[in-house]
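Here the structure comes first, spelled out in C-alpha cells, and everything after it is commentary.
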Amino acid sequence: MISQLQKLLIILGFLSTVITPSLSFAVHFSAIEGKFDCPNIHNSHNCARSIESKLLENTGLIKRNKLFSLIVTLKNGTTKTYQDSPEENPPGEKYTYSALEFMADSYLLIYRQLWESSDYILLSLKNGVEYSLEGYPLTSPNGQYILTVEQDLDAGFNENLLELYLLTVNGLTPVYSIRPESWGPSSVSWETNNQVKFIKKQFNPNYSTTKKSPLFFEDKALLRIESDNRVIFINIDS
C-alpha cells in the first residue's frame with residue numbers, strides 16, 4: 001500500500017516507484033531523538049548490523065557466527081541462537097536478527113527485520129524469556145517502566161504506537177496502549193519517572209508547495225503516570 005507521503009513525493013516527481021524496504025531514506029530506528037540514527041546508510045538491515053558491530057566490540061556475551069546466526073550467552077551459561085532466514089526464502093518469508101543494546105541491566109534488545117515491517121525482542125539474560133515488542137523501548141529513569149514507541153508515517157509498514165509496560169523482577173506487565181491512525185509519536189523522552197513528553201506528528205491534508213505550507217503538523221503532548229499506574233494523555237497544543 002502506498003502511503004500518503006509516498007503519494008505526495010510521486011506527485012512532486014521525487015519518486016517514480018514505490019519505496020521498498022531496501023530502497024529508502026536514511027534510517028532512523030526510533031522515535032527517540034538521536035537514538036540509532038544511520039544518516040549515511042539507506043537500508044534498515046545494514047543500519048542494524050552497523051549498530052550491532054559496535055556492540056560486539058564491547059561485550060563477550062554475544063557473537064555472530066558466519067554472518068547468519070546471532071548467539072547470545074545468558075547469565076546461567078546457556079546460549080540462545082537467532083538464525084536468519086535462508087537466502088532462498090521468498091521475499092515475504094525473509095527475516096534477520098540484529099542485537100542493538102543492553103537494557104535495564106539484564107535484558108538484550110534484538111531487532112527483527114521482516115520484508116515489509118519490523119519488530120523487537122526483549123530477551124531476559126537471566127532466564128531466556130522473550131518479550132515481543134512492536135516499538136522501540138525506552139526505559140524510565142528509575143527503571144520502573146518501559147515505553148515502546150513506533151512511528152511510520154512515511155512507509156506505513158508498521159503501526160504508530162505508544163505502549164507502556166511495568167518492569168518487575170517477573171518481567172513486563174502491560175499498563176497502557178494507544179495506536180493512533182492519524183498521527184505518530186516523535187521526539188519522545190522521559191521528563192521524570194512518571195511523565196513522558198512527545199510530539200504528535202501528522203500530515204498536513206492541505207499541503208501545497210505553491211502556498212509553502214508545511215508537510216507536517218506537530219503538536220506537543222504528555223503521558224502522565226499516576227500512582228496507581230493509570231495513564232493520563234494530555235494534549236498541550238491543539
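In the C-alpha cells, chains take the letters A, B, ... in the order shown, each chain's residues start at 1, and ligands count up from 1 in the order shown.
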Residue neighbourhood A:Ser98, 12 Å, only C-alpha atoms, exclusion window fewer than 5 positions, as a PyMOL selection string: chain A and resi 44-56+62-64+67-72+81-84+108-114+118-122
Who sits within 7 Å of stretch 223-229 of chain A, only C-alpha atoms, same chain under 2 positions skipped, as number ranges by chain: A: 175, 194-197, 231-234
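Using only C-alpha atoms, the shortest contact distance between A:Leu164 and any of A:Lys94, A:Lys220, A:Arg230, A:Lys66 is found at A:Arg230.
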Excluding A:Asn170 and residues on its chain fewer than 3 positions from it, collect all residues at most 12 Å away from it, counting only C-alpha atoms, and give them as a PyMOL selection string. chain A and resi 124+126-127+129+131+166-167+173
Can you work out which one of A:Glu134, A:Glu150, A:Glu88, A:Asp105 has the shortest atom-to-atom distance to A:Lys201, counting only C-alpha atoms? A:Glu150
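Going from atom CA of A:Glu57 over to atom CA of A:Phe36, you cover 16.8 Å.
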Just the strand (DSSP E) stuff from stretch 1-236 of chain A, please, per backbone DSSP, written as a PyMOL selection string. chain A and resi 27-28+37-38+62-65+69-73+79-83+96-103+107-113+118-124+130-133+136-139+145-150+161-168+171-178+184-192+195-203+216-225+231-235
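Inside stretch 15-195 of chain A, the residues DSSP reads as alpha helix (DSSP H) when given the backbone are Ser44, His45, Asn46, Cys47, Ala48, Arg49, Ser50, Ile51, Glu52, Ser53, Lys54, Leu55, Leu56 and Glu57 of chain A.
The coordinates place atom CA of A:Pro137 at 17.0 Å from atom CA of A:Leu222.
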Atom CA of A:Ile199 and atom CA of A:Asp37 are how many Å apart? 18.2 Å
Got a sec: who's within 6 Å of A:Leu161, counting only C-alpha atoms, leaving out chain neighbours fewer than 6 positions off, as a ChimeraX atom specification? /A:149-150,178-179
What does the file look like for those residues with C-alpha atoms, as a PDB file, in the first residue's frame?
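Wrote part_34.pdb, looks like this:
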ATOM      1  CA  VAL A 149       7.373   3.763  20.561  1.00  0.00           C
ATOM      2  CA  GLU A 150       6.801   3.353  16.833  1.00  0.00           C
ATOM      3  CA  ILE A 178      -2.553   3.739  22.084  1.00  0.00           C
ATOM      4  CA  ARG A 179      -2.297   3.109  18.327  1.00  0.00           C
TER       5      ARG A 179
END
